[in-house]
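Q: Input structure: work-v3.cif, which contains mmCIF, C-alpha atoms (C1' of nucleotides).
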data_start
loop_
_atom_site.group_PDB
_atom_site.id
_atom_site.type_symbol
_atom_site.label_atom_id
_atom_site.label_comp_id
_atom_site.auth_asym_id
_atom_site.auth_seq_id
_atom_site.Cartn_x
_atom_site.Cartn_y
_atom_site.Cartn_z
ATOM 1 C CA MET E 1 28.314 -9.075 -20.286
ATOM 2 C CA LYS E 2 24.533 -9.007 -20.100
ATOM 3 C CA ILE E 3 23.020 -7.881 -16.810
ATOM 4 C CA ALA E 4 19.264 -8.122 -16.297
ATOM 5 C CA THR E 5 16.690 -7.307 -13.639
ATOM 6 C CA TRP E 6 13.254 -8.839 -13.215
ATOM 7 C CA ASN E 7 10.607 -8.569 -10.534
ATOM 8 C CA ILE E 8 9.260 -12.109 -10.823
ATOM 9 C CA ASN E 9 6.417 -11.753 -8.281
ATOM 10 C CA GLY E 10 6.899 -15.089 -6.546
ATOM 11 C CA ILE E 11 9.573 -17.662 -7.445
ATOM 12 C CA LYS E 12 7.299 -20.618 -6.743
ATOM 13 C CA ALA E 13 4.739 -19.438 -9.295
ATOM 14 C CA ARG E 14 7.389 -18.296 -11.775
ATOM 15 C CA ILE E 15 10.090 -20.960 -11.796
ATOM 16 C CA ASP E 16 9.082 -22.433 -15.188
ATOM 17 C CA GLY E 17 8.869 -18.992 -16.793
ATOM 18 C CA LEU E 18 12.181 -17.995 -15.235
ATOM 19 C CA VAL E 19 13.945 -21.069 -16.627
ATOM 20 C CA ASP E 20 12.429 -20.447 -20.082
ATOM 21 C CA TRP E 21 13.552 -16.820 -19.984
ATOM 22 C CA LEU E 22 17.085 -17.690 -18.793
ATOM 23 C CA LYS E 23 17.436 -20.126 -21.702
ATOM 24 C CA GLU E 24 16.195 -17.524 -24.168
ATOM 25 C CA ALA E 25 17.876 -14.358 -22.865
ATOM 26 C CA GLU E 26 21.051 -15.933 -21.487
ATOM 27 C CA PRO E 27 21.939 -13.119 -19.089
ATOM 28 C CA ASP E 28 25.337 -13.372 -17.413
ATOM 29 C CA ILE E 29 23.857 -11.858 -14.278
ATOM 30 C CA ALA E 30 20.166 -11.684 -13.336
ATOM 31 C CA CYS E 31 18.801 -9.710 -10.382
ATOM 32 C CA LEU E 32 15.428 -10.984 -9.186
ATOM 33 C CA GLN E 33 12.993 -9.165 -6.929
ATOM 34 C CA GLU E 34 9.911 -10.258 -5.000
ATOM 35 C CA ILE E 35 10.983 -13.876 -4.770
ATOM 36 C CA LYS E 36 8.487 -14.145 -1.874
ATOM 37 C CA SER E 37 10.398 -17.072 -0.452
ATOM 38 C CA VAL E 38 12.724 -17.941 2.367
ATOM 39 C CA ASP E 39 16.243 -18.907 1.286
ATOM 40 C CA GLU E 40 15.746 -22.622 2.081
ATOM 41 C CA ASN E 41 12.750 -22.927 -0.256
ATOM 42 C CA PHE E 42 14.255 -21.126 -3.257
ATOM 43 C CA PRO E 43 14.288 -23.677 -6.115
ATOM 44 C CA VAL E 44 17.971 -23.509 -7.019
ATOM 45 C CA SER E 45 18.355 -26.818 -8.867
ATOM 46 C CA GLY E 46 16.687 -25.926 -12.187
ATOM 47 C CA ILE E 47 18.636 -22.676 -12.244
ATOM 48 C CA GLU E 48 21.950 -24.269 -11.331
ATOM 49 C CA ASP E 49 21.368 -26.823 -14.107
ATOM 50 C CA LEU E 50 21.657 -23.897 -16.530
ATOM 51 C CA GLY E 51 25.067 -23.054 -15.107
ATOM 52 C CA TYR E 52 24.121 -20.257 -12.704
ATOM 53 C CA HIS E 53 25.428 -19.577 -9.247
ATOM 54 C CA VAL E 54 22.596 -18.471 -6.964
ATOM 55 C CA GLU E 55 22.620 -16.158 -3.942
ATOM 56 C CA THR E 56 19.380 -15.232 -2.211
ATOM 57 C CA HIS E 57 18.204 -12.841 0.472
ATOM 58 C CA GLY E 58 14.713 -13.990 1.233
ATOM 59 C CA GLN E 59 12.023 -13.679 3.860
ATOM 60 C CA LYS E 60 8.699 -15.332 4.503
ATOM 61 C CA GLY E 61 5.790 -14.319 2.300
ATOM 62 C CA PHE E 62 6.896 -10.964 0.914
ATOM 63 C CA ASN E 63 9.817 -9.134 -0.649
ATOM 64 C CA GLY E 64 13.044 -11.094 -1.147
ATOM 65 C CA VAL E 65 15.782 -10.663 -3.752
ATOM 66 C CA ALA E 66 18.244 -12.951 -5.516
ATOM 67 C CA LEU E 67 21.296 -12.774 -7.737
ATOM 68 C CA LEU E 68 22.049 -15.351 -10.442
ATOM 69 C CA SER E 69 25.407 -15.365 -12.195
ATOM 70 C CA LYS E 70 27.217 -17.601 -14.643
ATOM 71 C CA THR E 71 30.512 -16.737 -12.944
ATOM 72 C CA PRO E 72 30.915 -16.970 -9.167
ATOM 73 C CA LEU E 73 29.415 -14.212 -7.030
ATOM 74 C CA GLU E 74 32.019 -12.724 -4.697
ATOM 75 C CA ASP E 75 31.764 -10.340 -1.729
ATOM 76 C CA VAL E 76 28.046 -11.064 -1.356
ATOM 77 C CA SER E 77 26.309 -8.729 1.055
ATOM 78 C CA ARG E 78 22.671 -8.828 2.110
ATOM 79 C CA GLY E 79 20.529 -5.958 3.291
ATOM 80 C CA LEU E 80 20.833 -2.240 2.574
ATOM 81 C CA PRO E 81 23.306 -0.638 5.012
ATOM 82 C CA GLY E 82 22.206 2.166 7.304
ATOM 83 C CA ASP E 83 19.461 0.680 9.497
ATOM 84 C CA PRO E 84 20.152 -2.494 11.488
ATOM 85 C CA ASP E 85 16.465 -2.592 12.523
ATOM 86 C CA ASP E 86 15.233 -2.914 8.930
ATOM 87 C CA GLU E 87 14.116 -6.531 8.582
ATOM 88 C CA GLN E 88 12.722 -6.316 5.052
ATOM 89 C CA ALA E 89 14.734 -8.327 2.516
ATOM 90 C CA ARG E 90 15.111 -5.859 -0.330
ATOM 91 C CA PHE E 91 18.786 -5.633 -1.202
ATOM 92 C CA ILE E 92 21.662 -7.882 -2.245
ATOM 93 C CA GLU E 93 25.008 -6.919 -3.669
ATOM 94 C CA ALA E 94 27.926 -8.892 -5.117
ATOM 95 C CA ALA E 95 30.983 -8.562 -7.321
ATOM 96 C CA VAL E 96 31.853 -10.619 -10.373
ATOM 97 C CA SER E 97 35.293 -10.953 -11.965
ATOM 98 C CA THR E 98 35.646 -10.173 -15.652
ATOM 99 C CA LYS E 99 38.472 -10.077 -18.163
ATOM 100 C CA THR E 100 38.897 -6.365 -17.477
ATOM 101 C CA GLY E 101 38.548 -6.376 -13.695
ATOM 102 C CA ILE E 102 35.448 -6.584 -11.573
ATOM 103 C CA VAL E 103 31.891 -5.406 -11.961
ATOM 104 C CA ARG E 104 29.762 -4.789 -8.902
ATOM 105 C CA VAL E 105 26.023 -5.389 -9.080
ATOM 106 C CA ALA E 106 23.342 -4.450 -6.552
ATOM 107 C CA GLY E 107 19.853 -5.914 -6.887
ATOM 108 C CA ALA E 108 17.214 -3.886 -5.104
ATOM 109 C CA TYR E 109 13.482 -3.958 -4.456
ATOM 110 C CA MET E 110 12.542 -0.467 -3.369
ATOM 111 C CA PRO E 111 9.483 -0.023 -1.121
ATOM 112 C CA ASN E 112 6.157 0.710 -2.823
ATOM 113 C CA GLY E 113 5.153 3.440 -0.370
ATOM 114 C CA ASN E 114 1.381 3.264 -0.689
ATOM 115 C CA PRO E 115 -0.873 4.256 0.934
ATOM 116 C CA THR E 116 0.708 7.699 1.145
ATOM 117 C CA ASP E 117 -0.956 8.583 4.476
ATOM 118 C CA SER E 118 0.668 5.590 6.160
ATOM 119 C CA PRO E 119 4.151 4.903 7.575
ATOM 120 C CA LYS E 120 4.858 3.041 4.346
ATOM 121 C CA LEU E 121 5.577 6.291 2.529
ATOM 122 C CA ASP E 122 7.997 7.372 5.277
ATOM 123 C CA TYR E 123 9.675 3.985 5.001
ATOM 124 C CA LYS E 124 9.978 4.349 1.213
ATOM 125 C CA LEU E 125 11.546 7.805 1.421
ATOM 126 C CA ALA E 126 13.878 6.816 4.268
ATOM 127 C CA TRP E 127 14.924 3.742 2.305
ATOM 128 C CA MET E 128 15.735 5.864 -0.749
ATOM 129 C CA GLU E 129 17.789 8.194 1.460
ATOM 130 C CA ARG E 130 19.748 5.222 2.776
ATOM 131 C CA LEU E 131 20.260 3.986 -0.776
ATOM 132 C CA ASN E 132 21.525 7.405 -1.828
ATOM 133 C CA THR E 133 23.944 7.629 1.081
ATOM 134 C CA TRP E 134 25.293 4.176 0.262
ATOM 135 C CA ALA E 135 25.470 4.950 -3.495
ATOM 136 C CA GLU E 136 27.574 8.056 -2.833
ATOM 137 C CA GLY E 137 30.227 5.781 -1.374
ATOM 138 C CA ARG E 138 29.964 3.299 -4.208
ATOM 139 C CA ILE E 139 30.373 5.877 -6.962
ATOM 140 C CA LEU E 140 33.600 7.104 -5.339
ATOM 141 C CA LEU E 141 35.110 3.675 -6.046
ATOM 142 C CA GLU E 142 35.136 4.590 -9.755
ATOM 143 C CA GLU E 143 34.323 0.994 -10.720
ATOM 144 C CA PRO E 144 31.905 -0.463 -13.259
ATOM 145 C CA PHE E 145 28.851 -0.753 -11.093
ATOM 146 C CA VAL E 146 25.123 -1.328 -11.672
ATOM 147 C CA ILE E 147 22.134 -0.740 -9.406
ATOM 148 C CA ALA E 148 19.397 -2.910 -10.866
ATOM 149 C CA GLY E 149 15.900 -3.447 -9.666
ATOM 150 C CA ASP E 150 12.302 -2.538 -9.136
ATOM 151 C CA TYR E 151 12.627 1.070 -7.993
ATOM 152 C CA ASN E 152 8.864 1.541 -7.619
ATOM 153 C CA ILE E 153 9.392 5.018 -9.049
ATOM 154 C CA ILE E 154 7.998 6.469 -12.276
ATOM 155 C CA PRO E 155 10.776 8.960 -13.086
ATOM 156 C CA ASP E 156 8.868 11.127 -15.549
ATOM 157 C CA PRO E 157 5.343 11.563 -16.992
ATOM 158 C CA ARG E 158 6.450 9.912 -20.235
ATOM 159 C CA ASP E 159 7.156 6.761 -18.203
ATOM 160 C CA ALA E 160 3.419 6.158 -17.710
ATOM 161 C CA ARG E 161 0.701 5.574 -20.305
ATOM 162 C CA HIS E 162 -1.696 7.596 -18.144
ATOM 163 C CA PRO E 163 0.418 9.817 -15.871
ATOM 164 C CA GLU E 164 -2.724 11.609 -14.664
ATOM 165 C CA ASN E 165 -3.820 8.366 -13.005
ATOM 166 C CA TRP E 166 -0.634 8.290 -10.915
ATOM 167 C CA VAL E 167 -0.803 11.772 -9.446
ATOM 168 C CA GLY E 168 -0.801 11.321 -5.672
ATOM 169 C CA ASP E 169 0.531 7.758 -5.884
ATOM 170 C CA ALA E 170 3.751 7.026 -3.986
ATOM 171 C CA LEU E 171 5.376 5.845 -7.239
ATOM 172 C CA PHE E 172 4.924 9.269 -8.836
ATOM 173 C CA LEU E 173 5.030 11.726 -5.927
ATOM 174 C CA PRO E 174 7.453 14.628 -6.381
ATOM 175 C CA ARG E 175 9.287 13.486 -3.242
ATOM 176 C CA SER E 176 9.781 9.975 -4.669
ATOM 177 C CA ARG E 177 10.921 11.288 -8.030
ATOM 178 C CA GLN E 178 13.271 13.756 -6.349
ATOM 179 C CA ALA E 179 14.907 10.942 -4.396
ATOM 180 C CA TYR E 180 15.452 9.044 -7.647
ATOM 181 C CA ARG E 181 16.748 12.159 -9.367
ATOM 182 C CA ARG E 182 19.242 12.770 -6.562
ATOM 183 C CA LEU E 183 20.543 9.250 -7.095
ATOM 184 C CA VAL E 184 20.859 9.661 -10.879
ATOM 185 C CA SER E 185 22.491 13.069 -10.443
ATOM 186 C CA MET E 186 25.472 11.498 -8.708
ATOM 187 C CA GLY E 187 26.550 10.419 -12.174
ATOM 188 C CA PHE E 188 24.500 7.318 -12.921
ATOM 189 C CA VAL E 189 23.090 6.635 -16.380
ATOM 190 C CA ASP E 190 19.608 5.182 -16.864
ATOM 191 C CA ALA E 191 20.385 2.395 -19.351
ATOM 192 C CA ILE E 192 17.005 2.406 -21.092
ATOM 193 C CA ARG E 193 16.881 6.195 -21.389
ATOM 194 C CA SER E 194 20.293 6.143 -23.043
ATOM 195 C CA VAL E 195 18.918 4.018 -25.909
ATOM 196 C CA THR E 196 15.457 5.569 -26.345
ATOM 197 C CA GLN E 197 13.580 8.753 -25.527
ATOM 198 C CA ASP E 198 10.227 7.218 -26.478
ATOM 199 C CA SER E 199 7.206 7.346 -24.231
ATOM 200 C CA ASP E 200 5.412 4.011 -24.454
ATOM 201 C CA VAL E 201 8.382 2.165 -22.927
ATOM 202 C CA TYR E 202 7.138 0.250 -19.911
ATOM 203 C CA THR E 203 8.222 -2.546 -17.577
ATOM 204 C CA PHE E 204 5.052 -3.145 -15.534
ATOM 205 C CA TRP E 205 1.423 -3.691 -16.436
ATOM 206 C CA ASP E 206 -1.109 -4.336 -13.676
ATOM 207 C CA TYR E 207 -2.960 -7.647 -13.659
ATOM 208 C CA GLN E 208 -6.224 -5.730 -13.299
ATOM 209 C CA ALA E 209 -8.572 -4.068 -15.730
ATOM 210 C CA GLY E 210 -6.854 -5.371 -18.865
ATOM 211 C CA ALA E 211 -3.837 -3.125 -18.358
ATOM 212 C CA TRP E 212 -1.592 -5.276 -20.566
ATOM 213 C CA GLN E 213 -4.114 -5.504 -23.394
ATOM 214 C CA LYS E 214 -4.544 -1.716 -23.314
ATOM 215 C CA ASN E 215 -0.799 -1.128 -22.896
ATOM 216 C CA ASN E 216 -1.601 0.770 -19.723
ATOM 217 C CA GLY E 217 1.903 0.394 -18.323
ATOM 218 C CA ILE E 218 4.554 2.197 -16.316
ATOM 219 C CA ARG E 219 8.363 2.143 -16.336
ATOM 220 C CA ILE E 220 9.535 1.435 -12.800
ATOM 221 C CA ASP E 221 12.280 -1.185 -13.250
ATOM 222 C CA HIS E 222 15.597 0.505 -13.903
ATOM 223 C CA LEU E 223 19.271 -0.221 -14.478
ATOM 224 C CA LEU E 224 21.464 2.620 -13.254
ATOM 225 C CA LEU E 225 25.064 2.480 -14.479
ATOM 226 C CA SER E 226 28.072 4.090 -12.855
ATOM 227 C CA PRO E 227 30.089 6.250 -15.298
ATOM 228 C CA GLU E 228 32.641 3.439 -15.648
ATOM 229 C CA ALA E 229 29.856 0.983 -16.596
ATOM 230 C CA ALA E 230 28.076 3.468 -18.857
ATOM 231 C CA ASP E 231 31.296 3.985 -20.830
ATOM 232 C CA ARG E 232 31.166 0.309 -21.767
ATOM 233 C CA MET E 233 27.468 0.007 -22.546
ATOM 234 C CA SER E 234 26.692 -1.513 -25.945
ATOM 235 C CA GLY E 235 22.925 -1.978 -25.694
ATOM 236 C CA ALA E 236 19.874 -2.160 -23.471
ATOM 237 C CA GLY E 237 16.322 -3.369 -23.799
ATOM 238 C CA ILE E 238 13.078 -4.591 -22.275
ATOM 239 C CA ASP E 239 11.815 -8.147 -22.831
ATOM 240 C CA ARG E 240 8.230 -6.993 -23.063
ATOM 241 C CA HIS E 241 7.023 -10.152 -24.846
ATOM 242 C CA VAL E 242 7.450 -12.062 -21.584
ATOM 243 C CA ARG E 243 4.362 -10.248 -20.242
ATOM 244 C CA ALA E 244 2.225 -12.254 -22.730
ATOM 245 C CA TRP E 245 3.504 -15.617 -21.510
ATOM 246 C CA GLU E 246 1.354 -18.002 -19.519
ATOM 247 C CA LYS E 247 1.168 -17.129 -15.801
ATOM 248 C CA PRO E 248 3.261 -13.976 -16.241
ATOM 249 C CA SER E 249 4.723 -11.701 -13.623
ATOM 250 C CA ASP E 250 3.243 -8.209 -13.772
ATOM 251 C CA HIS E 251 6.812 -6.975 -14.471
ATOM 252 C CA VAL E 252 9.082 -7.914 -17.396
ATOM 253 C CA PRO E 253 12.885 -8.268 -17.561
ATOM 254 C CA VAL E 254 15.069 -5.259 -18.361
ATOM 255 C CA TRP E 255 18.673 -5.762 -19.482
ATOM 256 C CA VAL E 256 21.885 -4.003 -20.409
ATOM 257 C CA ASP E 257 24.922 -5.211 -22.366
ATOM 258 C CA LEU E 258 28.330 -4.077 -21.158
ATOM 259 C CA ALA E 259 31.639 -4.662 -22.952
ATOM 260 C CA LEU E 260 33.387 -6.068 -19.883
ATOM 261 C "C1'" DA J 1 -17.861 3.187 -3.242
ATOM 262 C "C1'" DT J 2 -16.482 -1.007 -4.741
ATOM 263 C "C1'" DG J 3 -14.150 -4.240 -7.277
ATOM 264 C "C1'" DG J 4 -11.317 -5.372 -10.616
ATOM 265 C "C1'" DT J 5 -6.144 -9.631 -10.333
ATOM 266 C "C1'" DG J 6 -2.529 -12.267 -8.493
ATOM 267 C "C1'" DG J 7 1.029 -14.429 -4.995
ATOM 268 C "C1'" DA J 8 2.018 -16.431 -0.552
ATOM 269 C "C1'" DA J 9 -0.070 -18.619 2.846
ATOM 270 C "C1'" DG J 10 -3.545 -20.790 4.910
ATOM 271 C "C1'" DA J 11 -6.387 -15.318 7.737
ATOM 272 C "C1'" DT J 12 -5.198 -11.670 5.603
ATOM 273 C "C1'" DC J 13 -1.367 -8.803 3.790
ATOM 274 C "C1'" DC J 14 0.890 -6.838 -0.034
ATOM 275 C "C1'" DA J 15 1.143 -4.803 -4.514
#
Could the structure of this file be written out as structure tokens, please?
A:
Amino acid sequence: MKIATWNINGIKARIDGLVDWLKEAEPDIACLQEIKSVDENFPVSGIEDLGYHVETHGQKGFNGVALLSKTPLEDVSRGLPGDPDDEQARFIEAAVSTKTGIVRVAGAYMPNGNPTDSPKLDYKLAWMERLNTWAEGRILLEEPFVIAGDYNIIPDPRDARHPENWVGDALFLPRSRQAYRRLVSMGFVDAIRSVTQDSDVYTFWDYQAGAWQKNNGIRIDHLLLSPEAADRMSGAGIDRHVRAWEKPSDHVPVWVDLAL
DNA sequence: ATGGTGGAAGATCCA
């Protein structure tokens, strides 16, 4: 079972590229972030034509996440638990039945947190705390389980081409990285880091200043596997070539293969 | 110090 995550930066602008990538990569489950669309306007037909079930959690203009799956999505839940006043659409979770049981997948779009002297950083850190509290409960289930998404966190200096340029940025602050490390320390496995220790492995290149051409990238899109999922991992990768397509997102898809 | 790019929306906000 192939599970992928991709921050598509606007479904309306990316629908053709998404369909091309789905045909090429054939993920069983795809988690999309930054759909920037309300649920009613999400273009489901071209995706359903490829055999996918679609569940969205959108909002007007910004944010928004979606799950696509070749098998039906069960127990769908929208919104990260822990703050009923949080109106930002950044989280969707569902379960999928497999030959060996179920796999649970959460698709998440973590807050950016910049500028760091604004409430946005507080929101980012509080959101990560809520995620960690929720993840503690999930890991106790001892199920194959994946948290996939745009974490907006550079875990380590080797995850940036120019780490010195990110000092002081919310994506690289010690507090942000600590929150991510606390999550991983519960027992999750970073899928990409379990197949390579290379620096030069990125998932995002800014549109500005020729970042892609200079390979000035960062690794901020992650697939965290519960121990039960990690035990069944057979491969992982980054579809970096998608960044060179026409009208690309600034992020590329990241995927993991699980023997489920 | 500014602008460099792009998406959604339709003036700015967000990244």
Q: Sorted by chain and rising residue number, which residues of chain J lie within 6 Å of chain E, and what are their closest atom pairs and distances in Å to one decimal, counting all atoms listed in the file, as CSV?
A:
residue,atom,partner,partner_atom,distance
J:DG4,C1',E:Gln208,CA,5.8
J:DT5,C1',E:Gln208,CA,4.9
J:DA8,C1',E:Gly61,CA,5.2
Q: What does the distance from C1' of DG7 in chain J to CA of Val44 in chain E come to in Å, to one decimal?
A: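 Value for the C1' of DG7 in chain J-CA of Val44 in chain E distance: 19.3 Å.
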Q: Between CA of Glu26 in chain E and CA of Arg138 in chain E, what is the distance, to one decimal in Å?
A: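 Rounded to one decimal, the two atoms are 27.3 Å apart.
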Q: Kindly give the distance, in Å, that separates CA of Ala95 in chain E and CA of Thr133 in chain E, rounded to a single decimal.
A: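 Those two atoms sit 19.6 Å apart.
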Q: Measuring between all atoms listed in the file, which one of E:Lys124, E:Arg130, E:Arg219, E:Arg181 shows the shortest distance to Asp159 in chain E?
A: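 Closest to Asp159 in chain E, using all atoms listed in the file: E:Arg219.
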Q: Mind checking which residues fall within 9 Å of range 140-146 of chain E, counting all atoms listed in the file, ignoring those fewer than 6 positions away in the same chain, and posting them as a PyMOL selection string?
A: chain E and resi 3+95+101-107+188+223-232+260
Q: With C-alpha atoms retained, write the just-selected residues as a PDB file, in the frame of the given file.
A:
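Saved to again36.pdb:
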ATOM      1  CA  ILE E   3      23.020  -7.881 -16.810  1.00  0.00           C
ATOM      2  CA  ALA E  95      30.983  -8.562  -7.321  1.00  0.00           C
ATOM      3  CA  GLY E 101      38.548  -6.376 -13.695  1.00  0.00           C
ATOM      4  CA  ILE E 102      35.448  -6.584 -11.573  1.00  0.00           C
ATOM      5  CA  VAL E 103      31.891  -5.406 -11.961  1.00  0.00           C
ATOM      6  CA  ARG E 104      29.762  -4.789  -8.902  1.00  0.00           C
ATOM      7  CA  VAL E 105      26.023  -5.389  -9.080  1.00  0.00           C
ATOM      8  CA  ALA E 106      23.342  -4.450  -6.552  1.00  0.00           C
ATOM      9  CA  GLY E 107      19.853  -5.914  -6.887  1.00  0.00           C
ATOM     10  CA  PHE E 188      24.500   7.318 -12.921  1.00  0.00           C
ATOM     11  CA  LEU E 223      19.271  -0.221 -14.478  1.00  0.00           C
ATOM     12  CA  LEU E 224      21.464   2.620 -13.254  1.00  0.00           C
ATOM     13  CA  LEU E 225      25.064   2.480 -14.479  1.00  0.00           C
ATOM     14  CA  SER E 226      28.072   4.090 -12.855  1.00  0.00           C
ATOM     15  CA  PRO E 227      30.089   6.250 -15.298  1.00  0.00           C
ATOM     16  CA  GLU E 228      32.641   3.439 -15.648  1.00  0.00           C
ATOM     17  CA  ALA E 229      29.856   0.983 -16.596  1.00  0.00           C
ATOM     18  CA  ALA E 230      28.076   3.468 -18.857  1.00  0.00           C
ATOM     19  CA  ASP E 231      31.296   3.985 -20.830  1.00  0.00           C
ATOM     20  CA  ARG E 232      31.166   0.309 -21.767  1.00  0.00           C
ATOM     21  CA  LEU E 260      33.387  -6.068 -19.883  1.00  0.00           C
TER      22      LEU E 260
END
Q: Quick one: what's the axis-aligned box for range 178-195 of chain E, all listed atoms, 3 Å on every side, centre and edges in Å to one decimal, as lines of an AutoDock Vina configuration file?
A:
center_x = 19.9
center_y = 8.1
center_z = -15.2
size_x = 19.3
size_y = 17.4
size_z = 27.5
Q: Taking the file as shown, what set of residues would the PyMOL selection byres ((chain E and resi 160) around 9) give back, as a list in words?
A: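 This file gives the following for the PyMOL selection byres ((chain E and resi 160) around 9): Ile154, Asp156, Pro157, Arg158, Asp159, Arg161, His162, Pro163, Glu164, Asn165, Trp166, Ser199, Asp200, Val201, Tyr202, Asn216, Gly217, Ile218 and Arg219 of chain E.
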Q: Complete range 79-92 of chain E with N, CA and C atoms (output as an mmCIF file, keeping the file's coordinate frame).
A:
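Result went into rebuild35.cif, see below:
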data_model
loop_
_atom_site.group_PDB
_atom_site.id
_atom_site.type_symbol
_atom_site.label_atom_id
_atom_site.label_comp_id
_atom_site.auth_asym_id
_atom_site.auth_seq_id
_atom_site.Cartn_x
_atom_site.Cartn_y
_atom_site.Cartn_z
ATOM 1 N N GLY E 79 21.127 -7.028 2.509
ATOM 2 C CA GLY E 79 20.529 -5.958 3.291
ATOM 3 C C GLY E 79 21.160 -4.618 2.963
ATOM 4 N N LEU E 80 20.326 -3.590 2.846
ATOM 5 C CA LEU E 80 20.833 -2.240 2.574
ATOM 6 C C LEU E 80 21.426 -1.666 3.851
ATOM 7 N N PRO E 81 22.693 -1.204 3.811
ATOM 8 C CA PRO E 81 23.306 -0.638 5.012
ATOM 9 C C PRO E 81 22.549 0.599 5.505
ATOM 10 N N GLY E 82 22.712 0.909 6.788
ATOM 11 C CA GLY E 82 22.206 2.166 7.304
ATOM 12 C C GLY E 82 21.088 2.057 8.313
ATOM 13 N N ASP E 83 20.499 0.854 8.477
ATOM 14 C CA ASP E 83 19.461 0.680 9.497
ATOM 15 C C ASP E 83 19.414 -0.775 9.936
ATOM 16 N N PRO E 84 20.106 -1.100 11.025
ATOM 17 C CA PRO E 84 20.152 -2.494 11.488
ATOM 18 C C PRO E 84 18.779 -3.032 11.895
ATOM 19 N N ASP E 85 17.800 -2.132 12.118
ATOM 20 C CA ASP E 85 16.465 -2.592 12.523
ATOM 21 C C ASP E 85 15.566 -2.919 11.338
ATOM 22 N N ASP E 86 16.038 -2.630 10.119
ATOM 23 C CA ASP E 86 15.233 -2.914 8.930
ATOM 24 C C ASP E 86 15.283 -4.410 8.635
ATOM 25 N N GLU E 87 14.139 -5.079 8.775
ATOM 26 C CA GLU E 87 14.116 -6.531 8.582
ATOM 27 C C GLU E 87 13.588 -6.947 7.228
ATOM 28 N N GLN E 88 13.271 -5.963 6.360
ATOM 29 C CA GLN E 88 12.722 -6.316 5.052
ATOM 30 C C GLN E 88 13.846 -6.657 4.082
ATOM 31 N N ALA E 89 13.691 -7.811 3.418
ATOM 32 C CA ALA E 89 14.734 -8.327 2.516
ATOM 33 C C ALA E 89 14.567 -7.704 1.134
ATOM 34 N N ARG E 90 15.298 -6.629 0.902
ATOM 35 C CA ARG E 90 15.111 -5.859 -0.330
ATOM 36 C C ARG E 90 16.407 -5.561 -1.074
ATOM 37 N N PHE E 91 17.520 -6.082 -0.627
ATOM 38 C CA PHE E 91 18.786 -5.633 -1.202
ATOM 39 C C PHE E 91 19.835 -6.728 -1.112
ATOM 40 N N ILE E 92 20.534 -6.947 -2.230
ATOM 41 C CA ILE E 92 21.662 -7.882 -2.245
ATOM 42 C C ILE E 92 22.696 -7.355 -3.233
#
